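Heads up, target_10.txt below (compact mmCIF, C-alpha atoms and all ligand atoms):
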# COMPACT_ATOMS: atom_id res chain seq x y z
CA MET A 26 245.92 114.65 243.75
CA ALA A 27 246.02 118.44 243.84
CA THR A 28 242.65 120.10 243.69
CA SER A 29 241.30 123.62 243.80
CA ARG A 30 237.61 122.92 243.31
CA LEU A 31 234.87 122.35 245.88
CA GLU A 32 233.34 119.89 243.38
CA ASP A 33 236.42 117.67 243.72
CA ILE A 34 236.40 117.40 247.50
CA PHE A 35 232.65 116.88 247.28
CA MET A 36 233.26 113.87 245.01
CA MET A 37 236.04 112.54 247.29
CA THR A 38 233.74 112.74 250.31
CA LEU A 39 230.84 111.19 248.40
CA LYS A 40 233.02 108.21 247.45
CA ASP A 41 234.24 107.89 251.03
CA ILE A 42 230.76 107.74 252.55
CA TYR A 43 229.49 105.47 249.75
CA HIS A 44 232.16 102.92 250.64
CA GLY A 45 231.50 103.51 254.34
CA GLU A 46 227.76 102.85 254.00
CA LYS A 47 228.39 99.65 252.08
CA GLN A 48 230.74 98.44 254.80
CA ILE A 49 228.15 99.34 257.44
CA ALA A 50 225.45 97.41 255.52
CA LYS A 51 227.74 94.37 255.63
CA ALA A 52 228.58 94.72 259.33
CA LEU A 53 225.09 95.40 260.72
CA PRO A 54 223.59 91.90 260.25
CA LYS A 55 226.43 90.37 262.25
CA MET A 56 226.06 92.95 265.02
CA ALA A 57 222.27 92.42 265.12
CA LYS A 58 222.76 88.68 265.34
CA HIS A 59 225.21 89.17 268.21
CA ALA A 60 223.03 91.57 270.19
CA GLN A 61 221.47 90.14 273.32
CA SER A 62 218.99 92.93 274.01
CA PRO A 63 215.91 92.56 271.77
CA HIS A 64 215.70 96.37 271.59
CA LEU A 65 219.26 96.59 270.33
CA LYS A 66 218.67 93.78 267.87
CA GLU A 67 215.60 95.58 266.55
CA ALA A 68 217.40 98.95 266.34
CA LEU A 69 220.32 97.47 264.40
CA SER A 70 218.03 95.56 262.01
CA HIS A 71 215.94 98.68 261.45
CA HIS A 72 219.06 100.71 260.74
CA LEU A 73 220.22 98.06 258.26
CA GLU A 74 217.06 98.70 256.22
CA GLU A 75 217.63 102.45 256.45
CA THR A 76 221.26 102.00 255.42
CA LYS A 77 220.20 100.18 252.24
CA GLY A 78 218.02 103.19 251.40
CA GLN A 79 220.94 105.52 252.15
CA VAL A 80 223.15 103.61 249.71
CA ALA A 81 220.40 104.05 247.08
CA ARG A 82 220.27 107.82 247.82
CA LEU A 83 224.03 108.07 247.32
CA GLU A 84 223.69 106.20 244.03
CA ARG A 85 221.08 108.76 243.00
CA VAL A 86 223.57 111.56 243.76
CA PHE A 87 226.19 109.87 241.56
CA GLN A 88 223.54 109.62 238.86
CA LEU A 89 222.69 113.31 239.19
CA LEU A 90 226.38 114.06 238.61
CA ASP A 91 226.47 111.67 235.66
CA LYS A 92 229.14 109.58 237.36
CA PRO A 93 229.24 105.83 238.03
CA PRO A 94 228.78 105.03 241.74
CA ARG A 95 232.24 104.22 242.98
CA GLY A 96 233.59 104.05 246.49
CA GLU A 97 237.01 104.75 247.88
CA THR A 98 238.07 102.87 251.00
CA CYS A 99 236.80 104.74 254.03
CA GLU A 100 239.54 104.06 256.57
CA ALA A 101 237.58 105.63 259.42
CA ILE A 102 234.56 103.33 259.09
CA LYS A 103 236.83 100.38 258.39
CA GLY A 104 238.64 101.03 261.67
CA LEU A 105 235.42 101.45 263.65
CA ILE A 106 233.99 98.23 262.24
CA GLU A 107 237.20 96.42 263.23
CA GLU A 108 236.73 97.81 266.71
CA GLY A 109 233.20 96.35 266.72
CA GLU A 110 234.57 92.96 265.66
CA GLU A 111 237.02 93.10 268.53
CA VAL A 112 234.24 93.85 271.02
CA MET A 113 232.20 90.90 269.73
CA GLU A 114 235.24 88.62 269.96
CA LYS A 115 236.41 89.67 273.41
CA ALA A 116 233.28 90.46 275.45
CA ASP A 117 232.03 87.17 276.85
CA ASN A 118 229.18 88.78 278.77
CA GLY A 119 226.14 89.54 276.59
CA ALA A 120 225.21 92.87 278.19
CA VAL A 121 228.83 94.08 278.19
CA CYS A 122 229.09 93.13 274.53
CA ASP A 123 225.87 95.06 273.84
CA ALA A 124 227.26 98.11 275.65
CA GLY A 125 230.49 97.89 273.64
CA MET A 126 228.62 97.51 270.35
CA ILE A 127 226.46 100.54 271.17
CA GLY A 128 229.65 102.53 271.85
CA VAL A 129 231.04 101.59 268.46
CA GLY A 130 227.65 102.08 266.78
CA GLN A 131 227.40 105.61 268.15
CA ALA A 132 230.93 106.40 266.96
CA ILE A 133 229.87 105.29 263.47
CA GLU A 134 226.70 107.41 263.63
CA HIS A 135 228.68 110.46 264.73
CA TYR A 136 231.07 109.99 261.82
CA GLU A 137 228.14 109.71 259.42
CA ILE A 138 226.43 112.76 260.93
CA ALA A 139 229.62 114.78 260.36
CA ARG A 140 229.98 113.56 256.77
CA TYR A 141 226.36 114.13 255.77
CA GLY A 142 226.30 117.55 257.42
CA THR A 143 229.32 118.56 255.34
CA LEU A 144 227.96 117.02 252.12
CA MET A 145 224.61 118.72 252.62
CA ALA A 146 226.26 122.13 253.11
CA TRP A 147 228.50 121.67 250.06
CA ALA A 148 225.60 120.43 247.90
CA ARG A 149 223.57 123.48 248.90
CA GLN A 150 226.50 125.78 248.12
CA LEU A 151 226.92 124.12 244.72
CA GLY A 152 223.22 124.59 243.92
CA MET A 153 222.46 120.86 243.96
CA THR A 154 218.91 121.03 245.25
CA GLU A 155 217.92 117.36 244.98
CA ALA A 156 221.20 116.12 246.46
CA THR A 157 220.78 118.58 249.35
CA SER A 158 217.40 117.05 250.26
CA LEU A 159 218.70 113.51 249.87
CA PHE A 160 221.54 114.23 252.31
CA GLU A 161 219.11 115.92 254.66
CA GLU A 162 216.87 112.85 254.76
CA THR A 163 219.80 110.57 255.51
CA LEU A 164 221.17 112.98 258.11
CA LYS A 165 217.84 112.80 259.97
CA GLU A 166 217.99 108.99 260.00
CA GLU A 167 221.57 108.97 261.31
CA LYS A 168 220.68 111.38 264.12
CA LYS A 169 217.68 109.28 265.05
CA ALA A 170 219.76 106.08 264.98
CA ASP A 171 222.28 107.71 267.33
CA ALA A 172 219.51 108.85 269.70
CA THR A 173 217.93 105.37 269.71
CA LEU A 174 221.26 103.71 270.58
CA ASN A 175 221.75 106.27 273.31
CA ASP A 176 218.32 105.50 274.80
CA ILE A 177 218.93 101.75 274.76
CA ALA A 178 222.27 102.24 276.53
CA LEU A 179 220.92 104.61 279.18
CA HIS A 180 217.63 102.86 279.91
CA GLU A 181 218.64 99.25 279.64
CA VAL A 182 222.01 97.95 278.55
CA ASN A 183 224.44 99.91 280.74
CA ARG A 184 222.58 98.88 283.90
CA LYS A 185 222.63 95.22 282.87
CA ALA A 186 226.31 95.46 281.97
CA ALA A 187 227.36 97.03 285.29
FE FE A 201 224.34 105.50 257.14
FE FE A 202 224.03 105.14 260.35

Please lay out the structure from this file as structure tokens.
Amino acid sequence: MATSRLEDIFMMTLKDIYHGEKQIAKALPKMAKHAQSPHLKEALSHHLEETKGQVARLERVFQLLDKPPRGETCEAIKGLIEEGEEVMEKADNGAVCDAGMIGVGQAIEHYEIARYGTLMAWARQLGMTEATSLFEETLKEEKKADATLNDIALHEVNRKAA
């Protein structure tokens, strides 16, 4: 589809992350169940609850635009989740599996941070005040989730895995 409007790539990106978040919400319970470290388990379960709220925020943005919430397959998140599945299948040591899942989890967070940063900047440019704050709230949660995973890796899991 040819496009010359910022509004159009905004909508494309919104649909991409909406699908991505829904995939993440499906994958997180399995990862939490698989986690050996109680801290990691707790972090993943906590982020699942946040993710449900993030999906609701995205639905609010669709509503503000008077559009039905519809996703478009996010190949990036799909690929990262597949990578996570592979880690869970192949790592037969609990701590190594945890370390691998944190690696994948952080890759997902970084992708989300990039997407929400872009969406927030575009929403601001387009004068969408409420959407800008919604993206900002989610962006904060994604950054915090990334930092938490990083802490768990550096202070606990990597040592146990080595
Ligand atoms: Fe998210
Ligand atoms: Fe996230």

Do you have the atom CA of A:Ala178-atom CA of A:Thr143 distance handy?
27.7 Å

Would you mind listing the residues within 12 Å of ligand FE 201 (chain A), counting only C-alpha atoms and all ligand atoms, as a ChimeraX atom specification?
/A:41-53,69,71-83,102,130-141,160-171

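Our summary of the geometry notes that atom CA of A:Ala101 is positioned 28.0 Å from atom CA of A:Thr154.
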
So which residues touch A:Met37 within 12 Å, counting only C-alpha atoms, skipping near sequence neighbours fewer than 5 positions away, as JSON, numbers by chain?
{"A": [26, 28, 30, 31, 32, 42, 43, 44, 87, 94, 95, 96, 97, 98, 99, 140, 144]}

Pick out the closest residue to ligand FE 202 (chain A) from this set: A:Leu159, A:Met153, A:Val121, A:Ala172. Count only C-alpha atoms and all ligand atoms.
A:Ala172

Could you jot down the atom CA of A:Leu174 to atom CA of A:Cys122 separation for me, Å, one decimal place?
13.7 Å

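For the set A:Leu89, A:Ala124, A:Asp176, A:Ala68, the residue with the smallest atom-to-atom gap to ligand FE 202 (chain A) is A:Ala68, counting only C-alpha atoms and all ligand atoms.
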
Pick from A:Asp117, A:Ile34, A:Val86, A:Val129, whichever lies nearest to ligand FE 202 (chain A) using all atoms listed in the file:
A:Val129

Residues within 12 Å of A:Glu181, please, as a ChimeraX atom specification. Count all atoms listed in the file; anything in the same chain fewer than 3 positions from it doesn't count.
/A:61-65,120-121,123-124,127,173-178,184-187

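The smallest atom-to-atom distance between ligand FE 202 (chain A) and any of A:Ser70, A:Leu151, A:Lys40, A:His180, using all atoms listed in the file, is found for A:Ser70.
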